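Colleague: File entry-v2.cif below, mmCIF, C-alpha atoms:
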```
data_model
#
loop_
_atom_site.label_atom_id
_atom_site.label_comp_id
_atom_site.auth_asym_id
_atom_site.auth_seq_id
_atom_site.Cartn_x
_atom_site.Cartn_y
_atom_site.Cartn_z
CA MET A 1 128.17 89.42 72.48
CA SER A 2 125.38 91.91 72.26
CA PHE A 3 122.43 93.39 74.12
CA GLU A 4 119.13 94.04 72.44
CA VAL A 5 116.75 95.72 74.81
CA ASP A 6 113.30 97.08 74.07
CA VAL A 7 111.20 97.25 77.20
CA SER A 8 108.65 99.41 78.94
CA LYS A 9 106.96 99.23 82.29
CA ALA A 10 104.52 101.41 84.17
CA LEU A 11 105.72 102.02 87.73
CA GLY A 12 103.15 104.04 89.63
CA ASP A 13 102.37 106.98 87.38
CA ARG A 14 105.75 106.83 85.62
CA MET A 15 106.50 105.03 82.40
CA ILE A 16 109.96 103.48 82.24
CA GLU A 17 111.10 102.91 78.68
CA ALA A 18 114.36 101.83 77.09
CA ARG A 19 115.25 100.78 73.59
CA PHE A 20 118.78 100.07 72.46
CA ALA A 21 120.94 97.50 70.75
CA VAL A 22 124.66 97.49 71.50
CA PRO A 23 127.57 95.14 70.79
CA GLY A 24 129.94 94.00 73.55
CA GLY A 25 132.30 96.33 75.37
CA LEU A 26 131.21 98.80 78.00
CA THR A 27 127.94 100.61 77.41
CA VAL A 28 127.03 103.48 79.69
CA LEU A 29 123.34 103.95 80.40
CA ARG A 30 122.96 107.53 81.50
CA GLY A 31 120.06 109.73 82.36
CA VAL A 32 118.92 112.11 85.02
CA SER A 33 118.08 110.82 88.49
CA GLY A 34 114.64 109.23 88.49
CA ALA A 35 114.72 108.43 84.76
CA GLY A 36 114.42 104.74 85.59
CA LYS A 37 117.98 103.58 84.86
CA THR A 38 118.01 101.12 87.73
CA SER A 39 114.59 99.79 86.74
CA VAL A 40 115.91 99.13 83.22
CA LEU A 41 118.86 97.21 84.67
CA ASN A 42 116.46 95.27 86.93
CA MET A 43 114.35 94.35 83.90
CA ILE A 44 117.44 93.05 82.09
CA ALA A 45 118.48 91.06 85.19
CA GLY A 46 114.95 89.70 85.59
CA LEU A 47 114.33 91.27 89.00
CA LEU A 48 111.55 93.34 87.45
CA THR A 49 109.16 92.07 84.76
CA PRO A 50 108.56 94.49 81.86
CA ASP A 51 104.98 95.09 80.70
CA ARG A 52 106.01 94.63 77.11
CA GLY A 53 109.01 94.17 74.85
CA HIS A 54 112.02 91.88 74.84
CA VAL A 55 115.50 91.42 76.26
CA VAL A 56 117.97 89.48 74.13
CA VAL A 57 121.54 88.83 75.23
CA ASN A 58 123.92 87.36 72.68
CA GLY A 59 121.05 86.08 70.58
CA GLN A 60 119.34 84.37 73.52
CA PRO A 61 115.94 85.78 74.42
CA LEU A 62 115.81 86.25 78.20
CA PHE A 63 112.43 87.90 78.08
CA ASP A 64 109.87 88.19 75.35
CA ALA A 65 106.41 89.42 76.24
CA ALA A 66 104.95 88.42 72.86
CA GLN A 67 106.06 84.80 73.27
CA GLY A 68 105.48 84.68 77.01
CA ALA A 69 109.17 83.86 77.60
CA ASN A 70 110.71 84.93 80.89
CA LEU A 71 113.92 83.24 82.03
CA PRO A 72 114.16 83.26 85.85
CA VAL A 73 116.77 85.55 87.40
CA HIS A 74 119.00 82.71 88.53
CA ARG A 75 119.34 81.27 85.03
CA ARG A 76 120.27 84.51 83.26
CA ARG A 77 123.97 84.46 84.22
CA LEU A 78 124.25 88.23 84.33
CA GLY A 79 126.51 89.45 87.13
CA TYR A 80 124.86 92.36 88.90
CA VAL A 81 126.92 94.85 90.91
CA PHE A 82 124.60 97.00 92.99
CA GLN A 83 125.02 100.55 94.17
CA ASP A 84 125.25 99.36 97.77
CA GLY A 85 127.32 96.20 97.39
CA ARG A 86 124.75 93.90 98.97
CA LEU A 87 127.31 91.45 100.30
CA PHE A 88 125.87 88.64 102.40
CA PRO A 89 126.31 89.85 105.99
CA HIS A 90 126.45 86.35 107.48
CA LEU A 91 129.28 85.14 105.23
CA ARG A 92 132.93 86.12 105.27
CA VAL A 93 134.45 87.67 102.15
CA ARG A 94 135.76 84.32 100.87
CA ALA A 95 132.31 82.70 101.14
CA ASN A 96 130.72 85.76 99.54
CA LEU A 97 133.10 85.44 96.59
CA LEU A 98 132.45 81.72 96.22
CA TYR A 99 128.66 81.94 96.55
CA GLY A 100 127.92 82.14 92.83
CA TYR A 101 131.00 80.10 91.87
CA ARG A 102 129.65 77.08 93.73
CA LEU A 103 126.25 77.43 92.05
CA ALA A 104 127.66 77.76 88.52
CA GLN A 105 128.08 74.74 86.27
CA PRO A 106 131.79 73.85 85.89
CA GLU A 107 131.74 74.78 82.20
CA GLU A 108 130.27 78.21 83.00
CA ARG A 109 133.15 79.18 85.30
CA TRP A 110 135.85 81.12 83.56
CA MET A 111 137.86 82.50 86.49
CA THR A 112 139.12 80.87 89.66
CA LEU A 113 139.07 82.36 93.15
CA ASP A 114 142.84 82.88 93.02
CA GLU A 115 142.64 84.68 89.69
CA VAL A 116 139.85 86.98 90.87
CA VAL A 117 141.60 87.70 94.17
CA ALA A 118 144.83 88.59 92.34
CA PHE A 119 142.98 90.60 89.68
CA LEU A 120 141.19 92.78 92.25
CA GLY A 121 143.92 92.78 94.91
CA ILE A 122 141.61 91.56 97.66
CA ALA A 123 143.75 88.80 99.22
CA PRO A 124 143.99 90.62 102.60
CA LEU A 125 140.18 90.79 102.82
CA LEU A 126 139.36 87.10 102.43
CA ASP A 127 138.77 86.32 106.10
CA ARG A 128 136.99 89.57 106.96
CA TRP A 129 133.27 90.05 107.59
CA PRO A 130 131.46 92.36 105.14
CA ARG A 131 130.57 94.85 107.89
CA SER A 132 134.24 95.54 108.53
CA LEU A 133 134.95 96.56 104.91
CA SER A 134 135.08 100.11 103.58
CA GLY A 135 132.75 101.03 100.73
CA GLY A 136 135.50 100.59 98.14
CA GLU A 137 136.62 97.24 99.52
CA ALA A 138 133.04 95.97 99.61
CA GLN A 139 132.50 97.04 96.03
CA ARG A 140 135.65 95.20 94.86
CA VAL A 141 134.38 92.07 96.61
CA ALA A 142 130.99 92.54 94.93
CA LEU A 143 132.74 92.79 91.54
CA GLY A 144 134.72 89.63 92.30
CA ARG A 145 131.60 87.79 93.42
CA ALA A 146 129.87 88.63 90.13
CA LEU A 147 132.91 87.60 88.05
CA LEU A 148 133.17 84.25 89.88
CA SER A 149 129.52 83.39 89.29
CA GLY A 150 130.33 82.58 85.67
CA ALA A 151 128.62 85.74 84.45
CA ARG A 152 128.65 86.30 80.70
CA ALA A 153 128.11 90.03 81.18
CA LEU A 154 128.04 92.52 84.03
CA LEU A 155 125.30 94.95 85.01
CA LEU A 156 126.67 97.78 87.15
CA ASP A 157 124.31 100.16 88.92
CA GLU A 158 126.19 103.32 89.92
CA PRO A 159 128.89 101.24 91.59
CA LEU A 160 130.78 104.36 92.70
CA ALA A 161 127.80 106.02 94.39
CA SER A 162 128.56 104.85 97.92
CA ILE A 163 132.34 105.21 97.68
CA ASP A 164 134.49 108.02 98.99
CA PRO A 165 135.39 110.17 95.90
CA ALA A 166 139.13 109.84 96.64
CA ARG A 167 138.86 106.05 96.38
CA ARG A 168 136.78 105.89 93.23
CA SER A 169 139.67 105.58 90.79
CA ASP A 170 140.52 102.10 92.20
CA ILE A 171 137.12 100.80 91.20
CA ILE A 172 137.17 102.61 87.85
CA ASP A 173 140.57 101.03 87.11
CA ALA A 174 139.21 97.59 87.98
CA ILE A 175 136.21 98.12 85.72
CA LEU A 176 138.39 99.33 82.83
CA ARG A 177 140.60 96.27 83.23
CA ILE A 178 137.53 94.02 83.20
CA ARG A 179 136.60 95.71 79.94
CA ASP A 180 140.06 95.57 78.34
CA GLU A 181 141.67 92.44 79.78
CA LEU A 182 138.71 90.16 80.47
CA LYS A 183 136.66 91.52 77.53
CA LEU A 184 133.48 91.14 79.54
CA PRO A 185 130.50 93.07 78.16
CA MET A 186 129.08 95.57 80.66
CA LEU A 187 126.07 97.79 81.03
CA TYR A 188 127.03 100.61 83.38
CA VAL A 189 124.44 102.94 84.86
CA THR A 190 125.48 106.42 85.96
CA HIS A 191 124.10 109.92 86.10
CA ASP A 192 127.58 111.48 86.22
CA PRO A 193 128.60 112.84 82.77
CA ALA A 194 132.35 112.76 83.62
CA GLU A 195 132.14 109.11 84.65
CA ALA A 196 130.18 108.31 81.49
CA GLU A 197 132.80 110.06 79.37
CA ARG A 198 135.70 108.22 80.96
CA LEU A 199 134.21 104.72 80.77
CA GLY A 200 131.92 104.36 77.83
CA ASN A 201 132.59 102.94 74.43
CA GLN A 202 128.90 103.42 73.83
CA LEU A 203 126.42 105.77 75.42
CA VAL A 204 122.71 105.16 75.75
CA THR A 205 120.41 107.76 77.27
CA ILE A 206 117.45 106.57 79.32
CA GLY A 207 114.45 108.87 79.58
CA SER A 208 114.30 112.17 77.80
CA MET B 1 117.47 68.70 147.67
CA LEU B 2 115.09 67.40 145.03
CA SER B 3 113.24 64.17 145.65
CA ALA B 4 112.76 61.47 143.02
CA ALA B 5 109.16 62.65 142.62
CA ASP B 6 110.37 66.21 142.00
CA TRP B 7 112.79 64.98 139.35
CA ASP B 8 110.00 63.08 137.62
CA ILE B 9 107.93 66.27 137.47
CA VAL B 10 110.84 68.27 136.10
CA GLN B 11 111.62 65.62 133.51
CA LEU B 12 108.00 65.44 132.43
CA SER B 13 107.84 69.23 132.13
CA LEU B 14 111.03 69.33 130.03
CA LYS B 15 109.75 66.50 127.83
CA VAL B 16 106.37 68.17 127.27
CA SER B 17 107.90 71.59 126.60
CA LEU B 18 110.61 70.35 124.24
CA ALA B 19 108.11 68.27 122.29
CA ALA B 20 105.72 71.24 122.10
CA VAL B 21 108.39 73.62 120.81
CA LEU B 22 110.01 71.19 118.37
CA ILE B 23 106.67 70.25 116.81
CA THR B 24 105.56 73.87 116.60
CA LEU B 25 108.79 75.36 115.23
CA PRO B 26 108.40 74.44 111.52
CA PHE B 27 104.70 75.38 111.46
CA ALA B 28 105.36 78.61 113.30
CA PHE B 29 108.18 79.46 110.87
CA ALA B 30 105.91 78.81 107.89
CA LEU B 31 103.19 81.00 109.41
CA ALA B 32 105.74 83.72 110.26
CA TRP B 33 107.02 83.62 106.69
CA LEU B 34 103.47 83.87 105.31
CA LEU B 35 102.70 86.85 107.53
CA ALA B 36 106.03 88.56 106.77
CA ARG B 37 106.15 88.01 103.03
CA GLY B 38 102.77 86.78 101.85
CA ARG B 39 100.15 88.90 100.17
CA PHE B 40 96.79 87.17 100.23
CA PRO B 41 93.19 87.87 101.19
CA GLY B 42 92.43 87.05 104.80
CA LYS B 43 95.95 87.79 106.02
CA LEU B 44 94.64 90.00 108.83
CA LEU B 45 92.26 87.28 109.90
CA LEU B 46 95.03 84.66 109.95
CA ASP B 47 97.20 87.05 111.95
CA ALA B 48 94.39 87.55 114.47
CA ALA B 49 93.64 83.81 114.69
CA ILE B 50 97.30 83.00 115.43
CA HIS B 51 97.28 85.57 118.22
CA LEU B 52 94.06 84.29 119.83
CA PRO B 53 95.81 82.07 122.41
CA LEU B 54 97.57 85.18 123.68
CA VAL B 55 94.30 86.94 124.57
CA LEU B 56 91.72 84.18 125.11
CA PRO B 57 91.37 82.66 128.59
CA PRO B 58 93.58 79.53 128.49
CA VAL B 59 90.66 77.51 129.81
CA VAL B 60 88.77 78.32 126.59
CA ILE B 61 91.70 77.04 124.52
CA GLY B 62 91.66 73.85 126.61
CA TRP B 63 87.95 73.43 126.05
CA LEU B 64 88.32 74.02 122.29
CA LEU B 65 91.07 71.39 122.24
CA LEU B 66 88.70 68.99 124.01
CA LEU B 67 86.09 69.63 121.34
CA ALA B 68 88.56 69.16 118.48
CA LEU B 69 90.73 66.34 119.77
CA GLY B 70 88.27 64.49 122.00
CA PRO B 71 86.97 61.12 120.83
CA ALA B 72 83.98 62.77 119.14
CA GLY B 73 85.96 65.72 117.76
CA PRO B 74 87.00 65.82 114.08
CA ALA B 75 90.76 65.78 114.73
CA GLY B 76 90.45 63.27 117.56
CA ALA B 77 88.37 60.87 115.44
CA PHE B 78 90.88 61.20 112.60
CA LEU B 79 93.88 60.42 114.86
CA ASP B 80 92.06 57.45 116.41
CA ARG B 81 90.93 56.03 113.09
CA TRP B 82 94.07 56.42 111.01
CA LEU B 83 96.87 56.35 113.53
CA GLY B 84 95.18 54.54 116.40
CA VAL B 85 96.36 57.15 118.89
CA SER B 86 94.69 59.53 121.27
CA VAL B 87 96.28 62.50 122.99
CA MET B 88 93.52 62.65 125.62
CA PHE B 89 94.89 62.44 129.18
CA ARG B 90 98.37 61.77 127.77
CA TRP B 91 101.57 63.80 128.00
CA THR B 92 101.29 64.25 124.23
CA GLY B 93 98.05 66.13 124.84
CA ALA B 94 99.84 68.37 127.32
CA ALA B 95 102.42 69.04 124.61
CA VAL B 96 99.65 69.96 122.14
CA ALA B 97 98.12 72.40 124.65
CA ALA B 98 101.53 73.96 125.36
CA ALA B 99 102.25 74.18 121.61
CA ILE B 100 99.03 76.07 120.89
CA MET B 101 99.70 78.49 123.75
CA ALA B 102 103.32 79.06 122.63
CA LEU B 103 102.46 79.49 118.95
CA PRO B 104 101.73 83.25 118.91
CA LEU B 105 104.94 84.12 120.77
CA MET B 106 106.99 81.96 118.43
CA VAL B 107 105.37 83.34 115.27
CA ARG B 108 105.91 86.90 116.46
CA ALA B 109 109.61 86.41 117.17
CA MET B 110 110.27 84.78 113.81
CA ARG B 111 108.11 87.17 111.84
CA LEU B 112 110.10 90.15 113.09
CA SER B 113 113.31 88.39 112.18
CA ILE B 114 112.13 87.47 108.67
CA GLU B 115 110.90 91.01 108.08
CA ALA B 116 114.35 92.28 109.04
CA VAL B 117 116.00 90.25 106.26
CA ASP B 118 116.81 92.68 103.44
CA SER B 119 115.03 91.36 100.36
CA ARG B 120 117.60 93.20 98.22
CA VAL B 121 120.27 90.83 99.52
CA GLU B 122 118.05 87.95 98.41
CA ASP B 123 117.84 89.58 94.96
CA ALA B 124 121.65 89.64 94.88
CA ALA B 125 121.73 85.90 95.61
CA ARG B 126 119.30 85.23 92.79
CA THR B 127 121.45 87.14 90.28
CA LEU B 128 124.36 84.92 91.36
CA GLY B 129 122.46 81.79 90.33
CA ALA B 130 120.50 80.85 93.46
CA SER B 131 117.08 79.31 92.78
CA PRO B 132 114.28 80.52 95.10
CA GLY B 133 114.67 77.40 97.29
CA ARG B 134 118.43 77.75 97.59
CA CYS B 135 118.11 81.47 98.24
CA PHE B 136 115.77 80.63 101.12
CA LEU B 137 118.10 78.01 102.59
CA THR B 138 121.36 79.93 102.21
CA ILE B 139 120.24 83.54 102.76
CA THR B 140 116.77 83.97 104.28
CA LEU B 141 116.95 81.15 106.81
CA PRO B 142 120.45 81.87 108.20
CA LEU B 143 119.73 85.61 108.37
CA SER B 144 116.51 84.99 110.31
CA LEU B 145 118.16 82.44 112.62
CA PRO B 146 118.30 84.82 115.62
CA GLY B 147 114.50 84.95 115.49
CA VAL B 148 114.27 81.15 115.31
CA VAL B 149 116.48 80.82 118.39
CA THR B 150 114.48 83.47 120.25
CA ALA B 151 111.25 81.73 119.25
CA PHE B 152 112.58 78.42 120.52
CA ILE B 153 113.54 79.85 123.90
CA LEU B 154 110.41 81.97 124.37
CA GLY B 155 108.20 79.06 123.31
CA PHE B 156 110.02 76.75 125.69
CA ALA B 157 109.67 79.17 128.60
CA ARG B 158 105.98 79.68 127.82
CA SER B 159 105.42 75.91 127.66
CA ILE B 160 107.09 75.33 131.02
CA GLY B 161 104.63 77.79 132.57
CA GLU B 162 101.53 76.48 130.78
CA PHE B 163 98.63 75.71 133.15
CA GLY B 164 95.04 76.55 132.17
CA ALA B 165 94.75 74.92 128.76
CA THR B 166 96.63 71.85 129.97
CA ILE B 167 94.54 71.15 133.06
CA THR B 168 91.32 71.69 131.07
CA PHE B 169 92.35 69.51 128.16
CA VAL B 170 94.31 66.63 129.67
CA SER B 171 93.53 66.97 133.37
CA ASN B 172 96.09 66.65 136.16
CA ILE B 173 97.39 63.09 136.17
CA PRO B 174 100.56 62.39 138.18
CA GLY B 175 103.35 61.07 135.99
CA GLU B 176 101.45 61.73 132.76
CA THR B 177 100.16 65.30 132.57
CA ARG B 178 101.16 66.79 135.94
CA THR B 179 103.82 69.24 134.80
CA LEU B 180 105.57 71.78 137.04
CA SER B 181 102.73 74.32 137.13
CA LEU B 182 100.12 71.64 137.76
CA ALA B 183 102.27 70.03 140.45
CA ILE B 184 102.64 73.37 142.24
CA TYR B 185 98.88 73.88 142.05
CA SER B 186 98.27 70.35 143.41
CA ALA B 187 100.76 70.82 146.25
CA LEU B 188 99.02 74.06 147.21
CA GLN B 189 95.81 72.06 147.78
CA VAL B 190 97.51 69.80 150.30
CA PRO B 191 98.07 71.28 153.78
CA GLY B 192 101.66 71.11 155.01
CA SER B 193 103.34 70.80 151.62
CA ASP B 194 104.92 74.26 151.67
CA ALA B 195 108.38 72.79 151.19
CA THR B 196 107.30 71.04 147.96
CA VAL B 197 105.75 74.24 146.66
CA TRP B 198 108.96 76.14 147.42
CA ARG B 199 111.16 73.60 145.68
CA LEU B 200 108.99 73.40 142.57
CA ALA B 201 108.54 77.17 142.42
CA LEU B 202 112.30 77.71 142.64
CA ILE B 203 112.83 75.20 139.82
CA SER B 204 110.32 77.14 137.70
CA VAL B 205 112.11 80.39 138.41
CA ALA B 206 115.48 78.83 137.57
CA LEU B 207 114.24 77.34 134.29
CA SER B 208 112.49 80.52 133.14
CA LEU B 209 115.35 82.76 134.19
CA GLY B 210 117.82 80.45 132.46
CA ALA B 211 115.81 80.60 129.25
CA LEU B 212 115.55 84.39 129.31
CA VAL B 213 119.25 84.85 130.08
CA ALA B 214 120.17 82.43 127.29
CA SER B 215 117.92 84.32 124.88
CA GLU B 216 119.42 87.68 125.82
CA ALA B 217 123.00 86.35 125.70
CA LEU B 218 122.44 84.87 122.26
CA SER B 219 120.95 88.05 120.87
CA GLN B 220 123.85 90.09 122.28
CA ARG B 221 126.30 87.71 120.66
CA GLN B 222 124.46 88.14 117.39
CA ARG B 223 124.66 91.91 117.64
CA ALA B 224 128.32 91.91 118.56
CA GLY B 225 129.24 89.38 115.91
CA ARG B 226 128.83 89.18 112.23
CA SER B 227 125.39 90.63 111.70
CA GLY B 228 125.21 94.25 110.73
CA HIS B 229 124.70 96.41 107.75
CA VAL B 230 125.26 95.05 104.30
CA LEU B 231 128.06 97.21 102.98
#
```
The structure in this file should be written as structure tokens.
Modeller:
Amino acid sequence: MSFEVDVSKALGDRMIEARFAVPGGLTVLRGVSGAGKTSVLNMIAGLLTPDRGHVVVNGQPLFDAAQGANLPVHRRRLGYVFQDGRLFPHLRVRANLLYGYRLAQPEERWMTLDEVVAFLGIAPLLDRWPRSLSGGEAQRVALGRALLSGARALLLDEPLASIDPARRSDIIDAILRIRDELKLPMLYVTHDPAEAERLGNQLVTIGS
Amino acid sequence: MLSAADWDIVQLSLKVSLAAVLITLPFAFALAWLLARGRFPGKLLLDAAIHLPLVLPPVVIGWLLLLALGPAGPAGAFLDRWLGVSVMFRWTGAAVAAAIMALPLMVRAMRLSIEAVDSRVEDAARTLGASPGRCFLTITLPLSLPGVVTAFILGFARSIGEFGATITFVSNIPGETRTLSLAIYSALQVPGSDATVWRLALISVALSLGALVASEALSQRQRAGRSGHVL
């Protein structure tokens, strides 16, 4: 499993650029606020189209400007965990978790609901509405939802940003266990050097 | 108590209004979606055109409908030639007039609701494997449902009250196009029919009040229930 990313995009008067190639494991993308880290993640996920360059995951080109290739977001199978959770407000936790699972082909699924619920310790939350969850609980559900969608890698955009500092270690533990036990490749965006230090096998700096 | 004739008027009004709203709903949703999400030249003009029935005298709308759907009109000739139907002087024509008059209210309600759907939540659905169509059906549509319900109720209430465009377009024919408003107007022309006017007016009040209370109750239930912020 590997990521090869070489993209650039003009956003307003800013130029977002990133160029790196990393093997599996957890790669921290760091950089100062406003360097365009989230935009880079969005380009890898397909939510934003780069002006030039390519995105290759595990040998499969997801985007290649030169060849005019651009795989739609929903076919990329990259689980995205956003800064703000983005759970579906009209679905209970269980239905949120199963949203991507039901859309995935059977052969793409590699975890069951029970396994994910046990892994993240979210059994008591299953019948709750997203609005009743704390930031940390919502983020664990968001992680579970991404895992269940049959993702072959995770993109995490400052997943601790909206969580009470005292509760952050729960999420960090879950992410480290995803790295070590599930061996899922991850790109993790943060601007916090301590967080980067604790998590990263590899560090990539975005922007100068 | 209501007489058999009163019941016929009420039933006709309900039939016309329901038909008007049900036919309009999908078109109004599509227009609301275009106005909320679309970026295209002429958007302002489309927006203004949809709102015309709200500001034009209803009698003008009725006259325009006569021009378009009359036997010599383009739409009327098309319907007659290909489907062998005419809406002239029929209850279906009354439904068309009510639909046009209700359209702006319905589009407005649904547009606000669609604009309130967080497009970032739709992005999340796409990263989980939802195609654009599925994302629309499972995320956008359910999240904008309160607006659809409001549009339905407002459109229905507006249709029940429709008068000017209807009487201009399909006249005032008992049992066919004489809806509640037209029946009240007709009764007012006949000396000594105060009791009829009272009964029909009270029915109008009850129907409109019922619709507004239902709309408010539904929106309160929405607010108290599951909808809310995303995290």
Colleague: Run the PyMOL selection byres ((chain B and resi 24-33) around 7) against the file shown and list the residues it catches, as a CSV table (one decimal) with C-alpha atoms, in the frame of the given file.
Modeller:
```csv
chain,number,residue,atom,x,y,z
B,20,ALA,CA,105.7,71.2,122.1
B,21,VAL,CA,108.4,73.6,120.8
B,22,LEU,CA,110.0,71.2,118.4
B,23,ILE,CA,106.7,70.2,116.8
B,34,LEU,CA,103.5,83.9,105.3
B,35,LEU,CA,102.7,86.8,107.5
B,36,ALA,CA,106.0,88.6,106.8
B,37,ARG,CA,106.2,88.0,103.0
B,99,ALA,CA,102.2,74.2,121.6
B,103,LEU,CA,102.5,79.5,119.0
B,106,MET,CA,107.0,82.0,118.4
B,107,VAL,CA,105.4,83.3,115.3
B,108,ARG,CA,105.9,86.9,116.5
B,110,MET,CA,110.3,84.8,113.8
B,111,ARG,CA,108.1,87.2,111.8
B,114,ILE,CA,112.1,87.5,108.7
```
Colleague: Which one of B:Ser3, B:Thr196, B:Asn172, B:Gln189 sits closest to Phe89 in chain B if you count all atoms listed in the file?
Modeller: B:Asn172
Colleague: Identify all residues satisfying the PyMOL selection byres ((chain A and resi 62) around 9) in the given file; provide them as a ChimeraX atom specification.
Modeller: /A:44-46,54-57,60-61,63-64,69-72,76
Colleague: What does the structure give for the distance between CA of Phe20 in chain A and CA of Arg109 in chain A, in Å to one decimal?
Modeller: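 So the two atoms, CA of Phe20 in chain A and CA of Arg109 in chain A, lie 28.4 Å apart.
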Colleague: For a quick test of understanding: name the residues of chain A lying within 8 Å of chain B when counting all atoms listed in the file, and present them as a PyMOL selection string.
Modeller: chain A and resi 45+47+73-80+84-90+99-100+103-104+129-131+133-135+138+146+149
Colleague: Save range 40-53 of chain B to a file: N, CA, C and O atoms, as a JSON list (two decimals), in the first residue's frame.
Modeller:
```json
[["chain", "number", "residue", "atom", "x", "y", "z"],
["B", 40, "PHE", "N", -26.11, 29.06, -13.36],
["B", 40, "PHE", "CA", -26.30, 29.13, -14.80],
["B", 40, "PHE", "C", -26.75, 30.54, -15.17],
["B", 40, "PHE", "O", -27.30, 31.27, -14.33],
["B", 41, "PRO", "N", -26.49, 30.94, -16.43],
["B", 41, "PRO", "CA", -26.93, 32.27, -16.84],
["B", 41, "PRO", "C", -28.46, 32.33, -16.85],
["B", 41, "PRO", "O", -29.11, 31.34, -17.17],
["B", 42, "GLY", "N", -29.01, 33.43, -16.47],
["B", 42, "GLY", "CA", -30.46, 33.58, -16.49],
["B", 42, "GLY", "C", -31.13, 33.09, -15.23],
["B", 42, "GLY", "O", -32.36, 32.98, -15.17],
["B", 43, "LYS", "N", -30.33, 32.79, -14.18],
["B", 43, "LYS", "CA", -30.91, 32.29, -12.94],
["B", 43, "LYS", "C", -31.83, 33.33, -12.30],
["B", 43, "LYS", "O", -32.92, 33.02, -11.82],
["B", 44, "LEU", "N", -31.36, 34.59, -12.32],
["B", 44, "LEU", "CA", -32.17, 35.67, -11.74],
["B", 44, "LEU", "C", -33.51, 35.80, -12.45],
["B", 44, "LEU", "O", -34.55, 36.00, -11.83],
["B", 45, "LEU", "N", -33.45, 35.65, -13.77],
["B", 45, "LEU", "CA", -34.66, 35.78, -14.59],
["B", 45, "LEU", "C", -35.63, 34.64, -14.27],
["B", 45, "LEU", "O", -36.84, 34.86, -14.12],
["B", 46, "LEU", "N", -35.09, 33.43, -14.15],
["B", 46, "LEU", "CA", -35.94, 32.27, -13.80],
["B", 46, "LEU", "C", -36.59, 32.49, -12.43],
["B", 46, "LEU", "O", -37.79, 32.27, -12.25],
["B", 47, "ASP", "N", -35.76, 32.97, -11.49],
["B", 47, "ASP", "CA", -36.25, 33.24, -10.14],
["B", 47, "ASP", "C", -37.42, 34.24, -10.20],
["B", 47, "ASP", "O", -38.47, 34.04, -9.59],
["B", 48, "ALA", "N", -37.23, 35.30, -10.98],
["B", 48, "ALA", "CA", -38.26, 36.34, -11.09],
["B", 48, "ALA", "C", -39.52, 35.77, -11.75],
["B", 48, "ALA", "O", -40.64, 36.02, -11.31],
["B", 49, "ALA", "N", -39.32, 34.96, -12.80],
["B", 49, "ALA", "CA", -40.47, 34.41, -13.53],
["B", 49, "ALA", "C", -41.31, 33.50, -12.62],
["B", 49, "ALA", "O", -42.54, 33.53, -12.65],
["B", 50, "ILE", "N", -40.62, 32.71, -11.78],
["B", 50, "ILE", "CA", -41.34, 31.80, -10.87],
["B", 50, "ILE", "C", -42.17, 32.61, -9.87],
["B", 50, "ILE", "O", -43.25, 32.19, -9.47],
["B", 51, "HIS", "N", -41.64, 33.79, -9.50],
["B", 51, "HIS", "CA", -42.33, 34.60, -8.50],
["B", 51, "HIS", "C", -43.44, 35.48, -9.07],
["B", 51, "HIS", "O", -44.17, 36.11, -8.32],
["B", 52, "LEU", "N", -43.54, 35.54, -10.41],
["B", 52, "LEU", "CA", -44.54, 36.41, -11.03],
["B", 52, "LEU", "C", -45.95, 36.22, -10.49],
["B", 52, "LEU", "O", -46.64, 37.20, -10.20],
["B", 53, "PRO", "N", -46.43, 34.96, -10.35],
["B", 53, "PRO", "CA", -47.81, 34.79, -9.87],
["B", 53, "PRO", "C", -48.07, 35.42, -8.50],
["B", 53, "PRO", "O", -49.20, 35.71, -8.16]]
```
